[in-house]
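Below you'll find the structure, written out as structure tokens, and then a few comments.
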Amino acid sequence: MKLFKYITGLFLLLTALTIVMPPVFSPAEKKDFSSNYRIPYELGEDYYLYSRYIETMAGEKSVMVLGDSVIWGHYVQHDQTLSARLNSIYGKNIFYNAGIDGIHPAAMKGLMEHYGKSVKNRKVIVGLNLLWMSSPRHDLTGARNDEINHRSLLSQFSDRIPAYGASVEDKVSNIINRNITFLGWINHIKKNFFKNESFYKWTLKNPIASPAEFFVKEKSKEYRIPASLPGKGIKQDVKWVNTEKSYQWKKIKELISLLKNGNNKIMVLMTPYNTASLTDKSLEKYNRIIEEIQKYFSDNSVAHTGPVKLDKKFFADASHPGAEGYTITAEEITRSREFTSFIQN
Amino acid sequence: MASSFLFYGWWNPLYLFLISWVICSDFLAVQLMDRTGRKKLFLAASIINNLAVLGFFKYANFIIENLNSILENSGIAYAIPHADILLPVGISFYIFQSMSYTIDFYYGRIEKENNLIQYAAFVSFFPQLVAGPIERASHLLPQMKKWPSARIDDISYGIFLFTLGMFKKTALADYFSIYSDKIFGNPMNYTSGDLIAGVLAFTWQIYFDFSGYTDMARGIAKMMGIDLMENFRLPYLASSMGDFWNRWHISLSSWFRDYVYIPLGGNRKGFIKEKRNILATMLLSGLWHGAAWNFVLWGLVHAILQICGKQMSKINFMKKIPVPFRRIVIFILVVFTWIFFRAENASDAFLIIERIFTTDFSMPSMPLTMAVMILCCYLYEWMLEYGMASHFQKPLVRTAAMAAMIIYMLFFVTYTTNEFIYFQF
């Protein structure tokens with residue numbers, strides 16, 4: 001009976017801690033989200049940090065720039081990204097980089113659904129990268145793929161995603177993890193205050209180190225820009241997925257509708273694509289998809305702009321601009337009537 | 001029973017056909033024993049059926065491999081093709097559990113069970129279905145007849161046991177496995193220091209892996225008001241090899257004792273027959289663990305050590321050796337036997353032993369944290385054995401330990417855990 005009383009007490013205490021710890025801890029952990037901050041590369045799966053970041057950045061005058069690695073700036077430093085270039089054109093920090101490296105539309109929708117509850121009554125620019133429709137593999141409609149990024153953000157049971165073959169246990173665990181803030185907070189602590197790796201593996205790599213060293217926070221590393229993949233001059237016959245069949249396109253539409261339901265003002269920015277690398281046939285299909293998407297947006301009163309046409313020398317790979325590419329893109333879009341009207345209203 | 005079948009079918013629905021076959025055939029065998037009076041005939045039929053099922057699913061490819069090597073050595077250019085057989089999880093456990101029922105009925109130790117559903121619930125009881133403890137009908141079946149009723153104390157103790165088991169598995173066994181897997185995966189790359197440390201890590205890995213599972217199984221059962229038998233009693237503090245088997249995987253060793261060793265004559269039929277019985281029992285026990293020669297060797301080494309130990313215990317001088325010293329010697333011997341159990345195959349086992357004795361001793365690369373944890377575990381076992389840890393049994397201390405274990409698991413355990421070692425048996 002005594003044990004039962006103590007265990008009941010323990011569970012009540014643990015339950016209280018799970019509720020109290022994340023909000024209490026949040027203000028105590030000082031984070032500097034200013035000067036063109038972006039979620040560090042190695043913390044791309046720290047969704048607790050992400051939700052804190054976008055909550056902190058909420059403001060009537062700020063504009064959230066949501067998107068994948070193109071928005072995040074895979075081949076540039078944090079002050080060379082699209083949002084950073086827009087800030088420099090406008091002369092003030094109103095655009096904040098809410099991109100995550102490696103995220104794709106289906107995961108982006110999950111991100112906003114589960115970690116973006118604070119995104120309400122804001123101006124949101126949604127980056128749309130057609131790369132995610134460039135093959136059934138990217139579109140998640142191809143064969144089973146165990147390397148899908150940000151898989152825990154996908155619809156676990158409600159959608160049938162051909163490429164996503166997680167076990168029922170994994171799916172249930174993903175649902176639990178994203179619904180219990182405390183678990184996200186623990187993940188955040190592990191990633192930010194420990195060595196961002198398994199304690200077990202760390203001891204194996206550092207056999208004679210004191211375990212106390214595991215808790216010594218490392219200084220954030222400077223992001224090392226990966227080498228560009230300029231291509232070999234061979235034109236690619238990209239297997240574009242039609243809009244009517246594309247899963248990622250379906251999720252983009254759902255994402256826009258989700259953001260609209262939160263009374264946000266949306267503008268879709270179709271990010272540049274290195275069309276010079278496409279065969280004529282692929283280019284034709286690419287243009288057709290762009291037209292269909294633009295038509296959908298016009299028919300549904302969704303403000304949109306882009307894609308900005310960039311010369312191939314401004315690309316680091318098929319869809320990521322380099323530093324100069326971002327500058328040109330930012331200048332081009334700020335000249336567009338849709339964009340200025342979106343910002344001014 | 002429904003939840004047990006759902007649990008088992010979750011792995012693979014095809015498994016359900018096999019377990020249903022075992023349940024129905026043994027249930028029927030006892031019914032026929034009772035109705036016809038031809039006990040021997042139906043017991044034999046039941047045993048043959050069970051061993052045939054086990055033999056086919058677990059040992060077919062082992063037998064084929066050995067026949068093929070005989071054919072090859074005889075110069076016959078023919079190889080029997082391997083059978084594409086799926087080894088059902090926990091088959092060795094539930095078949096032995098079911099067999100104990102027919103054998104116990106044959107010897108008049110238990111009453112016949114008339115309700116097939118209750119019998120099926122006994123064989124397939126989900127917490128212990130895939131890795132034991134191998135329960136006896138006389139212990140578990142009567143509990144199945146009652147509607148589950150757990151007292152508050154049962155629930156709290158069950159929660160404690162479950163947490164403890166989970167901690168043993170995820171915080172200890174899985175940690176030790178990182179190192180032991182590395183060493184056993186490529187023994188040629190390591191010299192004696194690392195090989196010894198690797199075997200030591202496996203020694204504690206297998207103990208925490210298996211006893212962790214048992215604790216979790218017992219914890220879940222306890223929360224439902226069902227008592228499962230104890231499977232481990234500080235095995236690494238055994239003072240003889242015989243004592244080790246009274247403390248390690250108790251449900252299996254007592255099964256072999258009751259259904260193999262004693263029916264063969266036990267220690268009552270003279271010196272030679274006693275040794276033969278030990279040898280047979282241990283070889284079968286080794287083979288039960290897996291269809292490979294290293295398991296047979298593991299059983300053989302245990303048999304030899306047990307026989308030698310028994311003989312040596314008759315020497316007066318041996319009786320004067322202090323018990324703590326004997327415990328340490330037995331622990332070292334047990335650690336040595338795990339080489340055969342864990343090695344990828346028999347030749348790897350001999351390679352490891354050879355390299356332990358022939359290569360230079362260098363400081364092992366085992367993490368210091370792991371070494372300290374192992375030492376703490378061993379010291380804690382000593383304290384338990386000598387009753388110096390009674391305050392750990394106090395409710396408040398248990399609760400505090402539970403809190404510490406939960407917090408540790410939340411922050412330090414990786415979510416991707418290894419499968420329990422004994423699932424493969």
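Lettering and numbering for the structure tokens are positional, with chains as A, B, ... in the shown order, residues counted from 1 in each chain, and ligands counted from 1 in the shown order.
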
- Quick one: everything within 12 Å of Lys171 in chain A, counting only C-alpha atoms, minus sequence neighbours fewer than 3 positions away in the same chain. Send it as a list in words. Arg151, Ser152, Leu153, Leu154, Ser155, Gln156, Phe157, Ser158, Tyr164, Gly165, Ala166, Ser167, Val168, Asn174, Ile175, Ile176, Asn177 and Arg178 of chain A

- Message: Should the cut-off be 8 Å, what would the residue list for chain A against chain B look like, counting only C-alpha atoms, as an MDAnalysis selection string?
- Response: chainID A and resid 1:4 6:7 10 186 190 198:201 203:204 206:211

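Rounded to one decimal, CA of Ala291 in chain B and CA of Tyr59 in chain B lie 5.6 Å from each other.
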
- Item | alpha helix (DSSP H) positions in range 27-213 of chain B, given as a ChimeraX atom specification | /B:27-36,39-54,60-73,91-106,116-124,126-129,137-145,152-167,174-185,192-213

- Task: Write out as an MDAnalysis selection string each polymer residue whose atoms come within 9 Å of Lys217 in chain A, counting only C-alpha atoms; drop sequence neighbours fewer than 3 positions from it.
- Result: chainID A and resid 192:195 213:214 220

Could those selected residues go to a file with N, CA and C atoms, as a PDB file, in the first residue's frame?
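Here's the written file part.pdb:
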ATOM      1  N   ASN A 192      20.664  20.391 -27.632  1.00  0.00           N
ATOM      2  CA  ASN A 192      21.287  21.677 -27.350  1.00  0.00           C
ATOM      3  C   ASN A 192      22.251  21.689 -26.177  1.00  0.00           C
ATOM      4  N   PHE A 193      21.991  20.821 -25.205  1.00  0.00           N
ATOM      5  CA  PHE A 193      22.812  20.892 -23.996  1.00  0.00           C
ATOM      6  C   PHE A 193      23.755  19.710 -23.844  1.00  0.00           C
ATOM      7  N   PHE A 194      23.450  18.625 -24.516  1.00  0.00           N
ATOM      8  CA  PHE A 194      24.364  17.507 -24.497  1.00  0.00           C
ATOM      9  C   PHE A 194      25.152  17.593 -25.804  1.00  0.00           C
ATOM     10  N   LYS A 195      25.824  16.525 -26.127  1.00  0.00           N
ATOM     11  CA  LYS A 195      26.674  16.605 -27.311  1.00  0.00           C
ATOM     12  C   LYS A 195      25.917  16.341 -28.630  1.00  0.00           C
ATOM     13  N   GLU A 213      31.874  15.553 -19.109  1.00  0.00           N
ATOM     14  CA  GLU A 213      32.193  16.297 -20.343  1.00  0.00           C
ATOM     15  C   GLU A 213      31.052  16.246 -21.360  1.00  0.00           C
ATOM     16  N   PHE A 214      30.243  15.201 -21.221  1.00  0.00           N
ATOM     17  CA  PHE A 214      29.118  15.058 -22.140  1.00  0.00           C
ATOM     18  C   PHE A 214      28.145  16.227 -22.004  1.00  0.00           C
ATOM     19  N   SER A 220      28.212  26.910 -30.852  1.00  0.00           N
ATOM     20  CA  SER A 220      27.606  26.590 -32.149  1.00  0.00           C
ATOM     21  C   SER A 220      28.644  26.739 -33.254  1.00  0.00           C
TER      22      SER A 220
END

- Item | Within 9 Å of Asp104 in chain B using only C-alpha atoms, minus same-chain residues under 6 positions, as a count of residues only | 5

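Residue nearest His150 in chain A within the list A:Lys120, A:Lys109, A:Lys5, A:His104: A:His104 [criterion: smallest interatomic distance, only C-alpha atoms].
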
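Taking only C-alpha atoms, the non-local environment of Asp139 in chain A within 10 Å (same-chain residues fewer than 4 positions away omitted) comprises A:His104, A:Pro105, A:Ala106, A:Leu130, A:Leu131, A:Trp132, A:Met133, A:Ser134, A:Ser135, A:Ile161, A:Pro162, A:Ala163, A:Trp240, A:Val241, A:Lys245, A:Ser246, A:Tyr247, A:Gln248, A:Trp249.
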
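Shortest atom-to-atom contact with Ile19 in chain A among A:Met64, A:Ile125, A:Ile180, A:Ile89: A:Ile180, counting only C-alpha atoms.
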